[in-house]
$ cat protein.tsv   # TSV, C-alpha atoms
chain	number	residue	atom	x	y	z
A	1486	MET	CA	97.37	81.42	85.06
A	1487	SER	CA	99.16	81.54	88.39
A	1488	ASN	CA	100.56	85.05	88.07
A	1489	TYR	CA	103.64	83.66	89.79
A	1490	GLY	CA	106.00	85.31	87.35
A	1491	VAL	CA	104.41	88.74	87.77
A	1492	HIS	CA	104.50	88.44	91.54
A	1493	LYS	CA	108.10	87.28	91.40
A	1494	PHE	CA	109.06	90.14	89.10
A	1495	PHE	CA	107.83	92.79	91.53
A	1496	ARG	CA	109.07	91.02	94.64
A	1497	THR	CA	112.53	90.61	93.15
A	1498	CYS	CA	112.64	94.33	92.37
A	1499	LEU	CA	112.36	94.98	96.11
A	1500	HIS	CA	114.82	92.37	97.29
A	1501	ASP	CA	117.47	92.45	94.56
A	1502	LYS	CA	118.89	95.89	93.78
A	1503	THR	CA	120.77	94.59	90.75
A	1504	PHE	CA	117.60	93.17	89.27
A	1505	ARG	CA	115.73	96.38	90.09
A	1506	GLN	CA	118.28	98.44	88.21
A	1507	LEU	CA	118.04	96.04	85.30
A	1508	ALA	CA	114.26	96.44	85.34
A	1509	LEU	CA	114.69	100.21	85.21
A	1510	ASP	CA	117.43	100.30	82.57
A	1511	HIS	CA	116.58	97.29	80.43
A	1512	PRO	CA	113.07	96.11	81.28
A	1513	GLU	CA	112.93	93.59	78.44
A	1514	ALA	CA	116.07	91.91	79.74
A	1515	ALA	CA	114.67	91.89	83.26
A	1516	MET	CA	111.42	90.32	82.12
A	1517	ALA	CA	113.38	87.67	80.24
A	1518	HIS	CA	114.71	86.45	83.60
A	1519	MET	CA	111.20	85.80	84.89
A	1520	PRO	CA	108.66	83.07	84.09
A	1521	LEU	CA	106.32	85.45	82.24
A	1522	ASP	CA	104.13	84.66	79.26
A	1523	GLU	CA	103.80	87.10	76.36
A	1524	THR	CA	100.50	88.51	77.63
A	1525	GLU	CA	101.99	89.23	81.03
A	1526	LYS	CA	105.02	90.90	79.46
A	1527	GLU	CA	102.82	93.13	77.34
A	1528	LEU	CA	100.67	94.13	80.32
A	1529	LEU	CA	103.79	94.98	82.31
A	1530	ARG	CA	105.33	96.83	79.38
A	1531	THR	CA	102.24	98.99	79.01
A	1532	GLY	CA	101.72	99.49	82.74
A	1533	ASN	CA	98.24	98.03	82.53
A	1534	ALA	CA	97.59	97.64	86.24
A	1535	ALA	CA	93.86	97.13	85.77
A	1536	ALA	CA	94.25	94.17	83.45
A	1537	LEU	CA	96.89	92.56	85.65
A	1538	TYR	CA	94.66	93.01	88.69
A	1539	GLU	CA	91.69	91.51	86.88
A	1540	ARG	CA	93.86	88.49	86.05
A	1541	GLY	CA	94.41	88.01	89.78
A	1542	VAL	CA	97.71	89.75	90.47
A	1543	ASN	CA	97.98	90.84	94.09
A	1544	GLY	CA	97.29	94.58	94.40
A	1545	TYR	CA	100.03	95.18	96.94
A	1546	LEU	CA	102.74	93.63	94.81
A	1547	LEU	CA	101.27	95.24	91.70
A	1548	SER	CA	101.67	98.68	93.25
A	1549	PHE	CA	105.44	98.13	93.25
A	1550	PHE	CA	105.14	99.61	89.75
A	1551	THR	CA	105.09	102.97	91.51
A	1552	ARG	CA	107.87	102.47	94.04
A	1553	TRP	CA	110.48	102.98	91.36
A	1554	GLU	CA	108.21	104.03	88.49
A	1555	LEU	CA	108.90	100.79	86.67
A	1556	PHE	CA	107.82	101.00	83.02
A	1557	ASP	CA	107.30	104.73	83.70
A	1558	VAL	CA	104.27	104.03	85.86
A	1559	THR	CA	103.79	106.95	88.23
A	1560	VAL	CA	101.38	106.93	91.16
A	1561	GLU	CA	98.99	109.03	89.10
A	1562	LYS	CA	99.11	106.70	86.12
A	1563	TYR	CA	98.82	103.66	88.36
A	1564	SER	CA	95.87	105.06	90.25
A	1565	ALA	CA	93.99	105.93	87.08
A	1566	SER	CA	94.45	102.39	85.84
A	1567	ILE	CA	93.71	100.48	89.04
A	1568	GLN	CA	90.65	102.58	89.83
A	1569	ALA	CA	89.16	101.40	86.56
A	1570	ALA	CA	89.69	97.72	87.36
A	1571	LYS	CA	86.66	95.51	87.76
A	1572	ASP	CA	86.35	94.34	91.36
A	1573	TRP	CA	83.36	92.63	92.98
A	1574	ARG	CA	84.01	94.64	96.15
A	1575	LYS	CA	83.24	97.92	94.39
A	1576	GLU	CA	79.90	96.60	93.23
A	1577	ILE	CA	78.87	95.64	96.77
A	1578	ALA	CA	80.16	98.87	98.28
B	1381	MET	CA	103.00	77.15	135.55
B	1382	ALA	CA	103.74	79.70	132.85
B	1383	GLU	CA	101.04	82.28	132.25
B	1384	ILE	CA	99.86	84.89	129.78
B	1385	VAL	CA	99.90	88.20	131.61
B	1386	ALA	CA	98.68	90.73	129.05
B	1387	GLY	CA	97.49	91.20	125.50
B	1388	PHE	CA	98.11	94.07	123.12
B	1389	GLY	CA	96.96	95.10	119.67
B	1390	VAL	CA	98.82	97.65	117.56
B	1391	PRO	CA	99.22	98.68	113.92
B	1392	HIS	CA	102.46	98.29	111.99
B	1393	THR	CA	102.17	101.16	109.52
B	1394	PRO	CA	105.61	101.29	107.90
B	1395	VAL	CA	105.83	105.08	107.71
B	1396	PHE	CA	105.27	105.53	111.45
B	1397	PRO	CA	108.97	105.39	112.44
B	1398	SER	CA	109.63	108.20	109.96
B	1399	VAL	CA	106.54	110.12	111.07
B	1400	VAL	CA	107.58	110.02	114.72
B	1401	LYS	CA	111.18	110.86	113.90
B	1402	ARG	CA	109.93	113.90	112.00
B	1403	ASN	CA	107.16	115.04	114.37
B	1404	GLY	CA	108.71	114.20	117.71
B	1405	PRO	CA	107.69	112.37	120.89
B	1406	ASP	CA	104.51	114.37	121.43
B	1407	CYS	CA	102.87	113.45	118.13
B	1408	GLU	CA	99.78	111.24	118.18
B	1409	GLU	CA	101.49	108.07	117.01
B	1410	ALA	CA	104.34	108.43	119.50
B	1411	LEU	CA	101.93	108.88	122.39
B	1412	LEU	CA	99.76	105.94	121.37
B	1413	PHE	CA	102.75	103.62	121.16
B	1414	ALA	CA	104.14	105.06	124.42
B	1415	GLU	CA	101.00	104.05	126.32
B	1416	VAL	CA	101.28	100.49	125.04
B	1417	ARG	CA	104.97	100.41	125.83
B	1418	GLN	CA	104.37	101.58	129.43
B	1419	ASN	CA	101.90	98.76	129.93
B	1420	LEU	CA	104.19	96.20	128.33
B	1421	GLU	CA	106.96	97.27	130.68
B	1422	ALA	CA	104.61	97.22	133.69
B	1423	VAL	CA	103.59	93.59	133.27
B	1424	LYS	CA	107.25	92.50	133.49
B	1425	ALA	CA	106.95	89.91	130.77
B	1426	ASP	CA	109.74	87.41	130.23
B	1427	ALA	CA	108.72	86.84	126.63
B	1428	LEU	CA	106.53	88.46	124.00
B	1429	ILE	CA	104.64	86.42	121.43
B	1430	LEU	CA	104.27	88.68	118.41
B	1431	ILE	CA	101.61	87.70	115.89
B	1432	SER	CA	101.63	89.36	112.52
B	1433	ASN	CA	101.64	88.74	108.80
B	1434	ASP	CA	104.50	88.85	106.40
B	1435	HIS	CA	104.17	90.98	103.25
B	1436	PHE	CA	105.90	88.65	100.75
B	1437	ASN	CA	109.29	89.31	102.31
B	1438	THR	CA	110.09	86.46	104.70
B	1439	PHE	CA	107.81	84.16	102.74
B	1440	PHE	CA	106.69	84.17	99.12
B	1441	TYR	CA	104.50	82.13	96.81
B	1442	ASP	CA	107.27	79.60	96.34
B	1443	ASN	CA	106.52	78.47	99.90
B	1444	PHE	CA	103.85	80.33	101.86
B	1445	PRO	CA	102.59	78.77	105.09
B	1446	LEU	CA	99.18	79.48	106.57
B	1447	PHE	CA	100.70	79.58	110.06
B	1448	ALA	CA	104.37	79.51	110.96
B	1449	VAL	CA	106.59	80.06	113.98
B	1450	GLY	CA	110.15	81.31	114.00
B	1451	VAL	CA	112.44	79.09	116.07
B	1452	ALA	CA	115.95	80.49	116.40
B	1453	PRO	CA	118.19	82.21	118.97
B	1454	GLU	CA	117.79	85.54	117.25
B	1455	THR	CA	116.51	87.28	114.18
B	1456	ARG	CA	116.86	90.68	112.51
B	1457	GLY	CA	114.97	93.21	110.48
B	1458	PRO	CA	113.41	94.94	108.77
B	1459	ASN	CA	114.04	93.03	105.56
B	1460	ASP	CA	111.76	95.11	103.35
B	1461	ALA	CA	113.44	98.53	102.97
B	1462	THR	CA	111.23	100.14	105.61
B	1463	VAL	CA	112.87	103.41	106.63
B	1464	MET	CA	113.79	102.67	110.25
B	1465	PRO	CA	116.83	101.37	112.16
B	1466	GLN	CA	118.05	97.84	111.58
B	1467	TYR	CA	117.75	95.65	114.66
B	1468	ARG	CA	118.91	92.27	115.91
B	1469	LEU	CA	116.20	90.75	118.11
B	1470	PRO	CA	116.47	88.01	120.72
B	1471	VAL	CA	114.07	85.12	120.18
B	1472	ASP	CA	112.91	82.91	123.05
B	1473	GLU	CA	113.89	79.78	121.20
B	1474	GLN	CA	112.65	77.34	123.85
B	1475	LEU	CA	109.23	78.96	124.05
B	1476	ALA	CA	109.06	79.04	120.26
B	1477	GLU	CA	109.84	75.33	120.06
B	1478	ASN	CA	107.34	74.54	122.83
B	1479	LEU	CA	104.67	76.40	120.91
B	1480	ARG	CA	105.53	74.70	117.64
B	1481	ALA	CA	105.39	71.23	119.14
B	1482	GLY	CA	102.37	71.91	121.32
B	1483	LEU	CA	100.35	73.46	118.52
B	1484	ILE	CA	101.08	70.58	116.17
B	1485	THR	CA	99.77	68.12	118.74
B	1486	ARG	CA	96.63	70.28	118.86
B	1487	TYR	CA	96.13	69.82	115.10
B	1488	PHE	CA	97.57	73.16	113.97
B	1489	ASP	CA	99.95	72.46	111.09
B	1490	MET	CA	102.57	74.99	112.10
B	1491	ALA	CA	105.38	75.53	109.64
B	1492	VAL	CA	108.76	76.31	111.12
B	1493	THR	CA	111.50	78.64	109.98
B	1494	GLN	CA	114.87	78.52	111.72
B	1495	GLU	CA	116.66	81.11	109.58
B	1496	PHE	CA	114.60	84.17	108.89
B	1497	GLU	CA	114.32	87.93	109.00
B	1498	LEU	CA	111.24	90.02	109.76
B	1499	ASP	CA	109.53	92.76	107.79
B	1500	HIS	CA	107.83	95.91	109.04
B	1501	SER	CA	104.83	93.99	110.35
B	1502	PHE	CA	106.98	92.77	113.24
B	1503	MET	CA	109.65	95.45	113.25
B	1504	VAL	CA	107.49	98.56	113.60
B	1505	PRO	CA	105.98	97.22	116.86
B	1506	TRP	CA	109.47	96.18	117.97
B	1507	HIS	CA	110.86	99.64	117.21
B	1508	PHE	CA	108.28	101.49	119.29
B	1509	LEU	CA	107.60	99.00	122.06
B	1510	ASN	CA	110.50	96.70	122.68
B	1511	ALA	CA	113.70	98.11	121.21
B	1512	GLU	CA	114.81	99.28	124.66
B	1513	LEU	CA	113.11	96.61	126.78
B	1514	ARG	CA	114.46	93.85	124.51
B	1515	ILE	CA	111.99	91.26	125.77
B	1516	PRO	CA	112.72	88.08	123.79
B	1517	ILE	CA	110.05	87.48	121.19
B	1518	VAL	CA	108.41	84.54	119.49
B	1519	PRO	CA	107.24	85.49	115.99
B	1520	ILE	CA	104.11	83.75	114.79
B	1521	PHE	CA	103.22	84.34	111.15
B	1522	VAL	CA	99.59	84.32	110.03
B	1523	HIS	CA	98.70	84.23	106.34
B	1524	ALA	CA	96.51	87.32	106.70
B	1525	PHE	CA	97.61	89.38	103.72
B	1526	SER	CA	96.61	87.43	100.64
B	1527	ASP	CA	93.68	85.25	99.75
B	1528	PRO	CA	92.52	82.77	100.74
B	1529	LEU	CA	92.57	83.86	104.37
B	1530	PRO	CA	92.22	81.42	107.23
B	1531	PRO	CA	88.73	81.65	108.79
B	1532	ALA	CA	88.30	83.93	111.79
B	1533	ASP	CA	87.28	81.09	114.08
B	1534	ARG	CA	90.45	79.25	113.09
B	1535	ALA	CA	92.53	82.28	114.12
B	1536	TRP	CA	90.68	82.46	117.42
B	1537	ALA	CA	91.20	78.72	117.97
B	1538	LEU	CA	94.92	79.11	117.32
B	1539	GLY	CA	95.02	81.67	120.12
B	1540	GLU	CA	93.17	79.31	122.45
B	1541	ALA	CA	95.65	76.56	121.61
B	1542	ILE	CA	98.58	78.90	122.33
B	1543	ALA	CA	97.08	79.54	125.78
B	1544	GLU	CA	96.71	75.80	126.40
B	1545	VAL	CA	100.33	75.14	125.49
B	1546	ILE	CA	101.51	77.90	127.81
B	1547	GLU	CA	99.35	76.69	130.69
B	1548	GLU	CA	100.99	73.27	130.44
B	1549	MET	CA	104.53	74.66	130.49
B	1550	PRO	CA	106.45	74.25	133.75
B	1551	GLY	CA	108.06	77.23	135.42
B	1552	GLU	CA	106.92	80.72	136.20
B	1553	GLN	CA	107.42	82.37	132.84
B	1554	ARG	CA	105.33	85.51	132.30
B	1555	ILE	CA	104.31	85.89	128.68
B	1556	ALA	CA	102.73	88.83	126.90
B	1557	ILE	CA	101.06	88.43	123.53
B	1558	MET	CA	100.56	90.99	120.80
B	1559	GLY	CA	98.61	91.01	117.54
B	1560	SER	CA	99.44	93.58	114.90
B	1561	GLY	CA	97.61	94.95	111.89
B	1562	SER	CA	94.85	97.07	110.40
B	1563	PHE	CA	91.08	96.64	110.33
B	1564	SER	CA	90.52	98.53	107.09
B	1565	LEU	CA	93.31	99.21	104.64
B	1566	GLU	CA	93.75	98.83	100.89
B	1567	ILE	CA	97.25	98.98	99.44
B	1568	GLY	CA	97.58	99.09	95.69
B	1569	GLY	CA	94.11	97.80	94.88
B	1570	PRO	CA	91.02	99.45	93.39
B	1571	LEU	CA	89.70	100.48	96.82
B	1572	ALA	CA	92.68	102.76	97.45
B	1573	ASP	CA	91.94	106.47	97.48
B	1574	PRO	CA	91.96	108.03	94.00
B	1575	GLY	CA	95.40	109.43	93.21
B	1576	GLU	CA	96.98	107.50	96.09
B	1577	ARG	CA	98.63	104.11	96.50
B	1578	ALA	CA	96.61	103.26	99.62
B	1579	GLY	CA	93.42	104.15	101.44
B	1580	THR	CA	91.04	103.25	104.24
B	1581	PRO	CA	87.95	102.09	102.36
B	1582	ASP	CA	85.74	100.96	105.23
B	1583	LYS	CA	85.93	103.14	108.31
B	1584	ASP	CA	82.51	101.84	109.37
B	1585	TRP	CA	83.92	98.33	109.63
B	1586	ALA	CA	86.80	99.61	111.74
B	1587	ALA	CA	84.29	101.37	114.00
B	1588	HIS	CA	82.24	98.17	114.19
B	1589	ILE	CA	85.30	96.22	115.35
B	1590	LYS	CA	85.96	98.86	117.99
B	1591	SER	CA	82.43	98.47	119.31
B	1592	ARG	CA	82.65	94.68	119.34
B	1593	LEU	CA	85.97	94.66	121.18
B	1594	GLU	CA	85.01	97.30	123.72
B	1595	ASN	CA	81.85	95.35	124.54
B	1596	CYS	CA	83.66	92.03	124.58
B	1597	GLU	CA	81.43	90.69	121.80
B	1598	ILE	CA	84.05	88.31	120.49
B	1599	ASP	CA	81.75	85.55	119.28
B	1600	GLU	CA	79.78	88.11	117.32
B	1601	LEU	CA	82.95	89.60	115.87
B	1602	ILE	CA	84.14	86.18	114.73
B	1603	GLU	CA	80.79	85.62	113.07
B	1604	ASP	CA	80.94	89.03	111.40
B	1605	ALA	CA	84.51	88.61	110.15
B	1606	THR	CA	83.88	86.38	107.16
B	1607	CYS	CA	86.54	86.28	104.47
B	1608	GLU	CA	84.25	88.27	102.18
B	1609	ARG	CA	83.63	90.91	104.84
B	1610	LEU	CA	87.35	91.31	105.45
B	1611	GLN	CA	88.07	91.60	101.74
B	1612	ARG	CA	85.49	94.38	101.44
B	1613	ALA	CA	87.39	96.34	104.09
B	1614	GLY	CA	90.56	96.28	102.02
B	1615	ASN	CA	93.28	93.90	100.94
B	1616	ALA	CA	95.06	94.33	104.29
B	1617	ALA	CA	91.92	93.99	106.43
B	1618	GLY	CA	92.68	90.31	107.02
B	1619	GLU	CA	95.17	91.58	109.56
B	1620	LEU	CA	92.30	91.52	112.03
B	1621	LEU	CA	93.10	87.80	112.19
B	1622	ASN	CA	96.38	88.63	113.97
B	1623	TRP	CA	94.33	90.39	116.64
B	1624	LEU	CA	91.95	87.44	116.86
B	1625	VAL	CA	94.81	85.04	117.58
B	1626	MET	CA	95.91	87.32	120.41
B	1627	LEU	CA	92.33	87.57	121.70
B	1628	GLY	CA	91.90	83.81	121.56
B	1629	ALA	CA	94.96	83.46	123.76
B	1630	ILE	CA	93.79	85.90	126.44
B	1631	GLY	CA	90.12	84.84	126.45
B	1632	GLN	CA	87.00	86.97	126.57
B	1633	ARG	CA	88.12	90.14	128.30
B	1634	GLU	CA	87.40	93.84	127.95
B	1635	PRO	CA	90.32	96.09	127.04
B	1636	ILE	CA	91.55	98.60	129.60
B	1637	SER	CA	92.34	100.93	126.72
B	1638	PHE	CA	91.23	100.98	123.09
B	1639	LYS	CA	92.21	103.96	120.97
B	1640	PRO	CA	91.41	103.98	117.26
B	1641	GLN	CA	93.00	106.12	114.61
B	1642	VAL	CA	89.90	106.39	112.48
B	1643	SER	CA	91.56	107.84	109.40
B	1644	HIS	CA	94.02	104.94	109.34
B	1645	GLY	CA	91.46	102.19	110.01
B	1646	HIS	CA	93.41	100.71	112.90
B	1647	ALA	CA	93.71	100.96	116.68
B	1648	PHE	CA	95.85	100.52	119.76
B	1649	GLY	CA	94.43	98.14	122.38
B	1650	ILE	CA	95.60	97.04	125.82
B	1651	TRP	CA	94.27	94.08	127.80
B	1652	ARG	CA	95.51	93.64	131.39
B	1653	TRP	CA	93.98	91.84	134.34
B	1654	ASP	CA	96.68	92.09	137.00
$ encode --input "protein.tsv" --output "structure tokens"
Amino acid sequence: MSNYGVHKFFRTCLHDKTFRQLALDHPEAAMAHMPLDETEKELLRTGNAAALYERGVNGYLLSFFTRWELFDVTVEKYSASIQAAKDWRKEIA
Amino acid sequence: MAEIVAGFGVPHTPVFPSVVKRNGPDCEEALLFAEVRQNLEAVKADALILISNDHFNTFFYDNFPLFAVGVAPETRGPNDATVMPQYRLPVDEQLAENLRAGLITRYFDMAVTQEFELDHSFMVPWHFLNAELRIPIVPIFVHAFSDPLPPADRAWALGEAIAEVIEEMPGEQRIAIMGSGSFSLEIGGPLADPGERAGTPDKDWAAHIKSRLENCEIDELIEDATCERLQRAGNAAGELLNWLVMLGAIGQREPISFKPQVSHGHAFGIWRWD
């Protein structure tokens, strides 16, 4: 579970405008271009930031959901999800 | 012999160019950068070593070095859609190559990139401090933005090795060195402020760093700055390592100016001894 495909998906949205537009207009087609497994696709599809984070996806790249509201993930929706994620740092704090 | 003539520490908050454009030259951020810029100009540096961390733009998980140096006649940026002017930057290619070779002989496995662009972590400091001076830079990339981070003492040792390489260089080159980044910052993770994409989760840690640096307690700071401690201060708090490389290069000195922006979890620091 490298999360490479998820990281690549978000990073490519920043660096490739054509891919970004594909991700906005036809997200299933965009995901098909990336090395994603079915679980990762479903978590992206449903905007489940918490679950992706708990699987080890980098928070910074994950927040690219909100830069273009990919999969209709707004800042508000993203925040509600990510704040609920399990994180050892919250337990110490 | 070449010499390091000053050290600087600054943030690279990507919205700052827009903030200053909107709020004008008398706003807090503009004044803080202006003080650093005045000191950079005053030391009459021939080259500026700029130490920062890429944010998955120049490098990515397909090939992500722990430490790297850019060796080329010039570069450009930003390459990450930061709202600011696009620049072409001169690189001191000979100094960059000297550092690459000299650091490798000192057991630092420096990666090299000879065709690259820079993201906001280098370009925001360039925009405010060097866009008019155009002092040739040497970009040194530290893997300070995703886990696992290099240990703090390793970052410090890299700075010491940079100083050794420079001391052995012939000529009279005057070299300034700058580290860039935050002490406490979370972007996109669970420690961000509720309802926001980012936040400053550990202002106490940022204040602790201020105290350590102002009192020149570098050994203690290195001991404090474990990977776990940095992670608790936010997923961008590893950027302290960029400062530690700079500090390792200038040695144990007190800053002549250290101005934190508490709400942002970062600071502006100036070290001069001329």
$ residues_around --input "protein.tsv" --residues "region 1501-1514 of chain B" --least-positions-apart "6" --cutoff "7 Å" --atoms "only C-alpha atoms" --output "PyMOL selection string"
chain B and resi 1392+1394+1413+1417+1432-1434+1457-1458
$ write_last_selection --input "protein.tsv" --atoms "C-alpha atoms" --output "short mmCIF file (atom, residue, chain, number, x, y, z; two decimals), in the coordinates of the input"
data_model
loop_
_atom_site.label_atom_id
_atom_site.label_comp_id
_atom_site.auth_asym_id
_atom_site.auth_seq_id
_atom_site.Cartn_x
_atom_site.Cartn_y
_atom_site.Cartn_z
CA HIS B 1392 102.46 98.29 111.99
CA PRO B 1394 105.61 101.29 107.90
CA PHE B 1413 102.75 103.62 121.16
CA ARG B 1417 104.97 100.41 125.83
CA SER B 1432 101.63 89.36 112.52
CA ASN B 1433 101.64 88.74 108.80
CA ASP B 1434 104.50 88.85 106.40
CA GLY B 1457 114.97 93.21 110.48
CA PRO B 1458 113.41 94.94 108.77
#
$ closest_residue --input "protein.tsv" --among "B:Asp1584, B:Asp1489, B:Asp1426, B:Asp1599" --to "chain A" --atoms "all atoms listed in the file"
B:Asp1584
$ closest_residue --input "protein.tsv" --among "A:Leu1507, A:Ala1535, A:Ala1517, A:Val1558" --to "chain B" --atoms "all atoms listed in the file"
A:Ala1535
$ closest_atom_pairs --input "protein.tsv" --of "chain A" --to "chain B" --cutoff "6 Å" --atoms "all atoms listed in the file" --output "JSON lines"
{"residue": "A:Gly1544", "atom": "CA", "partner": "B:Gly1569", "partner_atom": "CA", "distance": 4.6}
{"residue": "A:Tyr1545", "atom": "CA", "partner": "B:Gly1568", "partner_atom": "CA", "distance": 4.8}
{"residue": "A:Ser1548", "atom": "CA", "partner": "B:Gly1568", "partner_atom": "CA", "distance": 4.8}
{"residue": "A:Glu1561", "atom": "CA", "partner": "B:Gly1575", "partner_atom": "CA", "distance": 5.5}
{"residue": "A:Ser1564", "atom": "CA", "partner": "B:Gly1575", "partner_atom": "CA", "distance": 5.3}
{"residue": "A:Ile1567", "atom": "CA", "partner": "B:Pro1570", "partner_atom": "CA", "distance": 5.2}
{"residue": "A:Gln1568", "atom": "CA", "partner": "B:Pro1570", "partner_atom": "CA", "distance": 4.8}
{"residue": "A:Arg1574", "atom": "CA", "partner": "B:Arg1612", "partner_atom": "CA", "distance": 5.5}
$ atom_distance --input "protein.tsv" --atom1 "CA of Phe1556 (chain A)" --atom2 "CA of Leu1509 (chain A)"
7.3 Å
$ closest_residue --input "protein.tsv" --among "A:Ala1514, A:Leu1547, A:Ile1577, A:Ala1569" --to "Leu1499 (chain A)" --atoms "all atoms listed in the file"
A:Leu1547
$ atom_distance --input "protein.tsv" --atom1 "CA of Arg1486 (chain B)" --atom2 "CA of Ala1541 (chain B)"
6.9 Å
$ residues_around --input "protein.tsv" --residues "Thr1606 (chain B)" --least-positions-apart "2" --cutoff "10 Å" --atoms "all atoms listed in the file" --output "ChimeraX atom specification"
/B:1529-1533,1601-1604,1608-1612,1618
$ residues_around --input "protein.tsv" --residues "region 1402-1408 of chain B" --least-positions-apart "6" --cutoff "10 Å" --atoms "all atoms listed in the file" --output "list in words"
Phe1396, Ala1414 and Gln1641 of chain B
$ residues_around --input "protein.tsv" --residues "His1492 (chain A)" --least-positions-apart "2" --cutoff "8 Å" --atoms "only C-alpha atoms" --output "list in words"
Asn1488, Tyr1489, Gly1490, Phe1494, Phe1495, Arg1496, Val1542, Asn1543, Leu1546 and Leu1547 of chain A
$ residues_near_point --input "protein.tsv" --point "(106.2, 92.4, 123.8)" --cutoff "7 Å" --atoms "all atoms listed in the file" --output "NGL selection string"
:B and (1420 or 1427-1430 or 1509-1510 or 1515 or 1517 or 1556-1558)
$ closest_residue --input "protein.tsv" --among "A:Val1560, A:Glu1554, A:Thr1531, A:Glu1539" --to "Trp1573 (chain A)" --atoms "all atoms listed in the file"
A:Glu1539
$ closest_residue --input "protein.tsv" --among "B:Trp1585, B:Trp1536, B:Trp1653, B:Phe1648" --to "Gly1628 (chain B)" --atoms "only C-alpha atoms"
B:Trp1536
$ atom_distance --input "protein.tsv" --atom1 "CA of Ile1598 (chain B)" --atom2 "CA of Ile1484 (chain B)"
25.0 Å
$ closest_residue --input "protein.tsv" --among "A:Ala1570, A:Leu1555, A:Leu1521, A:Ala1515" --to "Ser1487 (chain A)" --atoms "all atoms listed in the file"
A:Leu1521
